[in-house]
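Everything below belongs to input.tsv, which stores TSV, C-alpha atoms.
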chain	number	residue	atom	x	y	z
A	1	MET	CA	-13.14	10.44	6.82
A	2	VAL	CA	-13.75	10.68	10.56
A	3	SER	CA	-10.90	9.14	12.54
A	4	ARG	CA	-11.72	5.75	14.03
A	5	LEU	CA	-8.43	5.41	15.87
A	6	LYS	CA	-8.57	2.34	18.06
A	7	PHE	CA	-5.73	0.21	19.40
A	8	PRO	CA	-6.25	-3.55	19.65
A	9	THR	CA	-4.10	-3.90	22.77
A	10	ALA	CA	-2.85	-1.71	25.59
A	11	LEU	CA	0.69	-2.31	24.33
A	12	HIS	CA	-0.16	-0.87	20.90
A	13	GLN	CA	-1.47	2.26	22.57
A	14	GLN	CA	1.45	2.57	24.98
A	15	VAL	CA	4.03	2.35	22.19
A	16	ALA	CA	2.07	4.87	20.10
A	17	GLU	CA	1.99	7.27	23.06
A	18	LEU	CA	5.72	6.78	23.55
A	19	VAL	CA	6.38	7.65	19.91
A	20	ASN	CA	4.12	10.68	20.10
A	21	LYS	CA	5.73	11.99	23.28
A	22	SER	CA	9.24	11.42	21.93
A	23	PHE	CA	8.78	13.15	18.59
A	24	MET	CA	6.35	15.95	19.35
A	25	ALA	CA	9.15	17.35	21.53
A	26	HIS	CA	11.14	18.04	18.34
A	27	PRO	CA	10.41	21.45	16.75
A	28	GLN	CA	10.77	19.94	13.24
A	29	VAL	CA	7.81	17.61	13.82
A	30	ASP	CA	4.34	18.88	12.88
A	31	THR	CA	2.11	15.86	13.55
A	32	VAL	CA	2.48	12.24	14.63
A	33	LEU	CA	0.00	10.12	12.67
A	34	VAL	CA	-1.15	6.56	13.28
A	35	VAL	CA	-1.90	4.98	9.91
A	36	ASN	CA	-3.30	1.76	8.42
A	37	PRO	CA	-5.54	-0.62	10.49
A	38	CYS	CA	-5.14	1.09	13.87
A	39	ALA	CA	-6.19	4.42	12.33
A	40	ARG	CA	-9.36	2.79	11.00
A	41	GLY	CA	-10.13	0.84	14.18
A	42	GLN	CA	-9.62	-2.49	12.40
A	43	ALA	CA	-6.36	-3.73	13.88
A	44	VAL	CA	-6.07	-7.07	15.67
A	45	PRO	CA	-3.63	-7.97	18.47
A	46	GLU	CA	-1.15	-9.34	15.89
A	47	SER	CA	-1.23	-6.15	13.79
A	48	ASP	CA	1.78	-3.95	13.28
A	49	LEU	CA	1.81	-0.43	14.64
A	50	ASP	CA	2.28	1.92	11.69
A	51	VAL	CA	3.19	5.53	12.38
A	52	ALA	CA	3.95	8.38	9.97
A	53	ILE	CA	5.84	11.39	11.29
A	54	LEU	CA	5.01	14.57	9.38
A	55	VAL	CA	7.89	17.03	9.52
A	56	SER	CA	7.76	20.73	8.86
A	57	PRO	CA	8.37	21.96	5.28
A	58	THR	CA	11.47	23.72	6.60
A	59	ALA	CA	12.99	20.50	7.97
A	60	THR	CA	16.33	19.70	6.34
A	61	THR	CA	17.77	16.36	5.33
A	62	GLU	CA	20.00	16.59	8.39
A	63	ASP	CA	16.97	17.21	10.60
A	64	ILE	CA	15.26	14.07	9.30
A	65	GLN	CA	18.43	12.04	9.70
A	66	GLY	CA	18.60	13.21	13.30
A	67	LEU	CA	15.01	12.11	13.89
A	68	GLU	CA	15.75	8.71	12.37
A	69	THR	CA	18.77	8.36	14.67
A	70	SER	CA	16.55	9.21	17.64
A	71	TRP	CA	14.16	6.46	16.60
A	72	GLN	CA	16.94	3.90	16.34
A	73	LYS	CA	18.00	4.77	19.89
A	74	ILE	CA	14.43	4.26	21.09
A	75	VAL	CA	14.24	0.88	19.35
A	76	ALA	CA	17.52	-0.18	20.95
A	77	THR	CA	16.81	1.02	24.49
A	78	GLU	CA	13.07	1.06	25.16
A	79	ALA	CA	11.89	-2.20	26.72
A	80	MET	CA	8.33	-1.44	25.67
A	81	VAL	CA	9.25	-1.47	21.96
A	82	LEU	CA	11.14	-4.74	22.37
A	83	GLN	CA	8.17	-6.24	24.20
A	84	PHE	CA	5.91	-5.21	21.33
A	85	LYS	CA	8.17	-6.81	18.73
A	86	GLN	CA	8.17	-10.03	20.75
A	87	SER	CA	4.40	-10.07	21.16
A	88	SER	CA	3.92	-12.03	17.91
A	89	ARG	CA	6.04	-13.42	15.12
A	90	PHE	CA	5.37	-10.59	12.67
A	91	ALA	CA	4.74	-7.66	15.03
A	92	GLN	CA	6.72	-4.58	14.09
A	93	VAL	CA	6.63	-0.86	14.75
A	94	HIS	CA	6.92	0.82	11.35
A	95	LEU	CA	7.93	4.46	11.52
A	96	ASP	CA	8.14	6.66	8.42
A	97	PHE	CA	9.18	10.30	8.22
A	98	PHE	CA	7.64	12.38	5.45
A	99	ASN	CA	7.57	16.06	4.51
A	100	GLY	CA	4.13	16.09	2.92
A	101	GLU	CA	5.37	16.55	-0.64
A	102	VAL	CA	3.56	14.21	-3.04
A	103	THR	CA	4.37	14.49	-6.74
A	104	PRO	CA	2.31	12.83	-9.49
A	105	THR	CA	4.45	10.84	-11.88
A	106	VAL	CA	4.25	10.57	-15.66
A	107	TRP	CA	4.36	6.96	-16.84
A	108	ASP	CA	6.04	5.46	-19.84
A	109	ASP	CA	4.70	2.28	-21.48
A	110	GLY	CA	5.90	0.15	-18.57
A	111	GLY	CA	4.72	2.45	-15.82
A	112	GLY	CA	2.06	1.94	-13.23
A	113	PRO	CA	0.53	1.52	-10.84
A	114	ASP	CA	2.09	4.23	-8.67
A	115	SER	CA	1.60	5.34	-5.07
A	116	PHE	CA	0.33	8.91	-5.60
A	117	GLU	CA	-3.25	8.38	-4.44
A	118	LEU	CA	-2.15	5.78	-1.87
A	119	GLU	CA	0.17	8.21	-0.10
A	120	ILE	CA	-2.44	10.94	0.09
A	121	GLY	CA	-5.09	8.47	1.20
A	122	ASN	CA	-3.20	6.61	3.90
A	123	ARG	CA	-1.52	9.65	5.40
A	124	VAL	CA	-3.62	12.74	4.77
A	125	ALA	CA	-7.13	11.36	4.33
A	126	TYR	CA	-7.11	8.37	6.68
A	127	GLY	CA	-4.21	9.02	9.05
A	128	ALA	CA	-5.19	9.68	12.68
A	129	PRO	CA	-3.22	12.30	14.66
A	130	MET	CA	-2.09	11.05	18.05
A	131	SER	CA	-2.61	14.54	19.50
A	132	ASP	CA	-3.70	17.84	17.99
A	133	ALA	CA	-3.23	18.10	14.24
A	134	GLY	CA	-0.41	20.47	13.38
A	135	ILE	CA	-0.74	23.54	11.17
A	136	TYR	CA	1.04	21.88	8.25
A	137	PHE	CA	-1.12	18.75	8.45
A	138	ARG	CA	-4.24	20.91	8.28
A	139	GLU	CA	-2.77	22.67	5.24
A	140	LEU	CA	-2.27	19.31	3.53
A	141	GLN	CA	-5.86	18.36	4.28
A	142	SER	CA	-7.05	21.64	2.74
A	143	ARG	CA	-4.90	21.00	-0.33
A	144	TRP	CA	-5.84	17.38	-1.01
A	145	LEU	CA	-9.31	16.83	0.48
A	146	PRO	CA	-11.89	15.82	-0.46
A	147	TYR	CA	-9.92	15.10	-3.67
A	148	TYR	CA	-7.29	16.71	-5.86
A	149	ASP	CA	-8.16	19.14	-8.66
A	150	GLU	CA	-10.20	18.09	-11.66
A	151	HIS	CA	-7.58	18.86	-14.31
A	152	LEU	CA	-5.06	16.56	-12.64
A	153	ARG	CA	-7.74	13.92	-12.02
A	154	LEU	CA	-8.72	13.72	-15.67
A	155	HIS	CA	-5.08	13.57	-16.75
A	156	ARG	CA	-4.28	10.75	-14.35
A	157	LEU	CA	-7.46	8.88	-15.17
A	158	SER	CA	-6.53	8.89	-18.85
A	159	MET	CA	-2.94	7.86	-18.13
A	160	VAL	CA	-3.89	4.98	-15.82
A	161	THR	CA	-6.66	3.74	-18.10
A	162	GLU	CA	-4.36	3.71	-21.13
A	163	ALA	CA	-1.69	1.83	-19.16
A	164	CYS	CA	-4.23	-0.79	-18.09
A	165	ALA	CA	-5.47	-1.27	-21.66
A	166	HIS	CA	-1.88	-1.47	-22.91
A	167	ASP	CA	-0.97	-4.22	-20.42
A	168	LEU	CA	-4.08	-6.17	-21.37
A	169	GLU	CA	-3.10	-5.96	-25.04
A	170	ARG	CA	0.31	-7.45	-24.24
A	171	ILE	CA	-1.14	-10.62	-22.72
A	172	PRO	CA	-2.14	-12.45	-25.96
A	173	TYR	CA	1.21	-11.50	-27.50
A	174	SER	CA	3.10	-13.01	-24.56
A	175	VAL	CA	0.91	-16.13	-24.55
A	176	THR	CA	1.59	-16.81	-28.25
A	177	ARG	CA	5.33	-16.64	-27.50
A	178	GLY	CA	5.01	-19.03	-24.57
A	179	LEU	CA	5.83	-16.29	-22.05
A	180	TYR	CA	3.06	-17.37	-19.72
A	181	PHE	CA	4.46	-16.03	-16.48
A	182	HIS	CA	5.14	-12.68	-18.12
A	183	ALA	CA	1.55	-12.70	-19.35
A	184	PHE	CA	0.33	-13.35	-15.82
A	185	ASP	CA	2.52	-10.53	-14.56
A	186	CYS	CA	0.87	-8.21	-17.10
A	187	LEU	CA	-2.53	-9.43	-15.94
A	188	TYR	CA	-1.82	-8.69	-12.29
A	189	LYS	CA	-0.33	-5.30	-13.19
A	190	ALA	CA	-3.43	-4.46	-15.25
A	191	PHE	CA	-5.59	-5.68	-12.36
A	192	GLN	CA	-4.01	-3.12	-10.03
A	193	GLU	CA	-4.17	-0.38	-12.68
A	194	PHE	CA	-7.87	-1.11	-13.10
A	195	LEU	CA	-8.37	-0.60	-9.37
A	196	GLN	CA	-6.36	2.62	-9.46
A	197	ALA	CA	-8.42	3.93	-12.39
A	198	LEU	CA	-11.65	2.92	-10.65
A	199	PHE	CA	-10.78	4.92	-7.55
A	200	ILE	CA	-9.74	7.95	-9.60
A	201	LYS	CA	-13.00	7.71	-11.55
A	202	ARG	CA	-14.92	7.75	-8.27
A	203	ARG	CA	-12.81	10.53	-6.69
A	204	THR	CA	-11.92	8.33	-3.73
A	205	TYR	CA	-8.50	7.75	-2.21
A	206	PRO	CA	-7.62	4.03	-1.89
A	207	LEU	CA	-5.95	2.11	0.92
A	208	ALA	CA	-4.12	-0.41	-1.27
A	209	TYR	CA	-4.41	-2.30	-4.54
A	210	ASN	CA	-3.31	-5.65	-3.13
A	211	LYS	CA	-5.31	-5.97	0.11
A	212	TRP	CA	-8.59	-4.84	1.67
A	213	ILE	CA	-10.04	-5.09	-1.85
A	214	ARG	CA	-13.47	-6.30	-0.78
A	215	GLU	CA	-13.80	-3.71	1.97
A	216	GLN	CA	-12.90	-0.91	-0.42
A	217	LEU	CA	-15.06	-1.95	-3.38
A	218	GLU	CA	-18.12	-3.05	-1.48
A	219	GLY	CA	-18.03	-0.69	1.50
A	220	TRP	CA	-16.35	2.42	0.14
A	221	LEU	CA	-17.29	2.49	-3.54
A	222	GLY	CA	-20.58	0.65	-3.23
A	223	LEU	CA	-19.65	-1.73	-6.06
A	224	PRO	CA	-20.31	-5.29	-4.85
A	225	GLU	CA	-21.04	-6.36	-8.43
A	226	VAL	CA	-17.51	-5.37	-9.48
A	227	TYR	CA	-15.91	-7.19	-6.57
A	228	ARG	CA	-17.79	-10.41	-7.38
A	229	GLU	CA	-16.00	-10.58	-10.73
A	230	LEU	CA	-12.49	-9.80	-9.53
A	231	PRO	CA	-11.43	-13.02	-7.71
A	232	THR	CA	-12.10	-15.14	-10.80
A	233	ILE	CA	-9.86	-12.93	-12.94
A	234	LEU	CA	-6.77	-13.89	-10.95
A	235	SER	CA	-7.88	-17.50	-10.39
A	236	VAL	CA	-5.93	-19.29	-13.14
A	237	ARG	CA	-6.09	-23.09	-13.34
A	238	ASN	CA	-3.66	-23.61	-16.20
A	239	ILE	CA	-1.17	-20.83	-16.70
A	240	GLU	CA	0.26	-22.46	-19.86
A	241	SER	CA	-2.91	-21.98	-21.89
A	242	SER	CA	-5.13	-19.39	-23.51
A	243	GLU	CA	-6.92	-18.98	-20.18
A	244	LEU	CA	-4.85	-15.87	-19.51
A	245	CYS	CA	-6.30	-14.29	-22.67
A	246	GLU	CA	-9.81	-15.04	-21.42
A	247	LYS	CA	-9.00	-13.39	-18.09
A	248	ALA	CA	-7.65	-10.37	-19.94
A	249	ASN	CA	-10.90	-10.09	-21.89
A	250	SER	CA	-12.90	-10.21	-18.65
A	251	LEU	CA	-10.83	-7.44	-17.10
A	252	ARG	CA	-11.06	-5.39	-20.30
A	253	ALA	CA	-14.86	-5.64	-20.12
A	254	LEU	CA	-14.79	-4.30	-16.56
A	255	LEU	CA	-12.49	-1.47	-17.61
A	256	GLU	CA	-14.79	-0.47	-20.45
A	257	ARG	CA	-17.93	-0.66	-18.32
A	258	TRP	CA	-16.82	0.94	-15.09
A	259	VAL	CA	-14.02	3.31	-16.09
A	260	GLN	CA	-14.28	4.22	-19.76
A	261	SER	CA	-18.06	4.53	-19.96

The structure in this file should be written as structure tokens.
Amino acid sequence: MVSRLKFPTALHQQVAELVNKSFMAHPQVDTVLVVNPCARGQAVPESDLDVAILVSPTATTEDIQGLETSWQKIVATEAMVLQFKQSSRFAQVHLDFFNGEVTPTVWDDGGGPDSFELEIGNRVAYGAPMSDAGIYFRELQSRWLPYYDEHLRLHRLSMVTEACAHDLERIPYSVTRGLYFHAFDCLYKAFQEFLQALFIKRRTYPLAYNKWIREQLEGWLGLPEVYRELPTILSVRNIESSELCEKANSLRALLERWVQS
């Protein structure tokens, strides 16, 4: 994905430049990445500024702790950061340090969804370097883009699909016991697992499973017909009824058509 880095305000850009200047001076830092809406050019003035600091593979725990301490000093002393946080009620500068290691998990019956594809997507695929991309960041792009290897993809697709089907099977059982809120929880969990499986099926890294759903399904995956059915699945009028079972059947039909076919 071509970077569409765009800041909604001058203050967003100034704080991002401050972060970049402060941390690129550290030898342990490989690349300073702007992530989330600013990286995609979709942020609004009230948006947070989300930054991911990629450290070298040789960085130690102590090195990262030192970087975190440096950031806390910046937060406490830089008037620009304070001004940003006061610019709107929810405005924050979110700074994460990561070493580029992403490990796929193996789920038990209660597992899923996980953040494996989300981390690769938001940081490696869609993150926007504030300055030149470092050597390690380019290595991560070579490793994970355009998508991870086929053996792992098929394994994860099977695992996620089975977890989704399992959660859907639990819904009628919970409803018959009067555990309606647990049944709804299973429905929402299966809903997110369906999205995860759909992205894996299409070899596309997602942004999130709980927001930007329309943008991702219609614009990225080219599946407006799938999106049209999703809002009704989570629109429950009477939670203490068999309606949850009907919603589970609708989601199961989508799973069978778009993932298992």

| message | Using only C-alpha atoms, which protein or nucleic acid residues come within 10 Å of region 11-18 of chain A? Drop anything in the same chain fewer than 2 positions from it, and give the result as a ChimeraX atom specification. | response | /A:6-9,20-23,32-34,38,43,45-51,74,78,80-81,83-84,87,93,130-131

| message | Could you check the closest approach to Glu169 (chain A) for each of A:Ile200, A:Ala91, A:Ala183, A:Leu140 and tell me which residue wins, using only C-alpha atoms? | response |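 Checking each of A:Ile200, A:Ala91, A:Ala183, A:Leu140 against Glu169 (chain A), counting only C-alpha atoms, the winner is A:Ala183.
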
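We find CA of Leu254 (chain A) and CA of Tyr205 (chain A) to be spaced 19.8 Å apart.
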
| request: Find the residue from A:Trp212, A:Tyr173, A:Trp258, A:Phe98 that sits nearest to Val226 (chain A); use all atoms listed in the file when measuring. | output: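 Smallest separation from Val226 (chain A) among the options: A:Trp258.
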
| Nearest to Ser242 (chain A), chosen from A:Tyr227, A:Leu198, A:Ile171, A:Thr204, with only C-alpha atoms counted in the distances |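 Answer, going by the shortest atom-to-atom distance: A:Ile171.
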
| said: For Tyr126 (chain A), find every residue with an atom within 10 Å (counting only C-alpha atoms), except residues of its own chain fewer than 6 positions away, and show them as a list in words. | reply: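 Surrounding residues, per the criterion: Met1, Val2, Ser3, Arg4, Leu5, Leu33, Val34, Val35, Asn36, Pro37, Ala39, Arg40, Glu119, Ile120, Tyr205, Pro206 and Leu207 of chain A.
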
| message | Counting all atoms listed in the file, which residues have an atom no more than 9 Å from (9.6, 4.5, 9.7) in the file's coordinates? Please list them as a list in words. | response |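 The residues that fall inside the cut-off are Asp50, Val51, Ala52, Ile53, Glu68, Trp71, Val93, His94, Leu95, Asp96 and Phe97 of chain A.
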
| remark: Using only C-alpha atoms, the residue out of A:Trp220, A:Tyr188, A:Phe194, A:Phe116 with shortest distance to Ala253 (chain A) is A:Phe194

| request: List the neighbours of region 99-114 of chain A out to 10 Å using all atoms listed in the file; skip same-chain residues closer than 3 positions along the sequence, and give me the result as a ChimeraX atom specification. | output: /A:29-30,53-60,64,117-120,123-124,136-137,139-140,152,155-156,159-160,162-164,166-167,186,189-197,209

| query | Any idea what the distance is between CA of Ser241 (chain A) and CA of Arg257 (chain A)? | reply | 26.3 Å

| remark: Computed gap from CA of Ser261 (chain A) to CA of Leu168 (chain A) is 17.7 Å

| message | My list of candidates is A:Arg170, A:Arg153, A:Lys211, A:Lys201. Which is closest to Leu244 (chain A) when distances are computed with all atoms listed in the file? | response |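 Looking at the shortest contact to Leu244 (chain A), the residue is A:Arg170.
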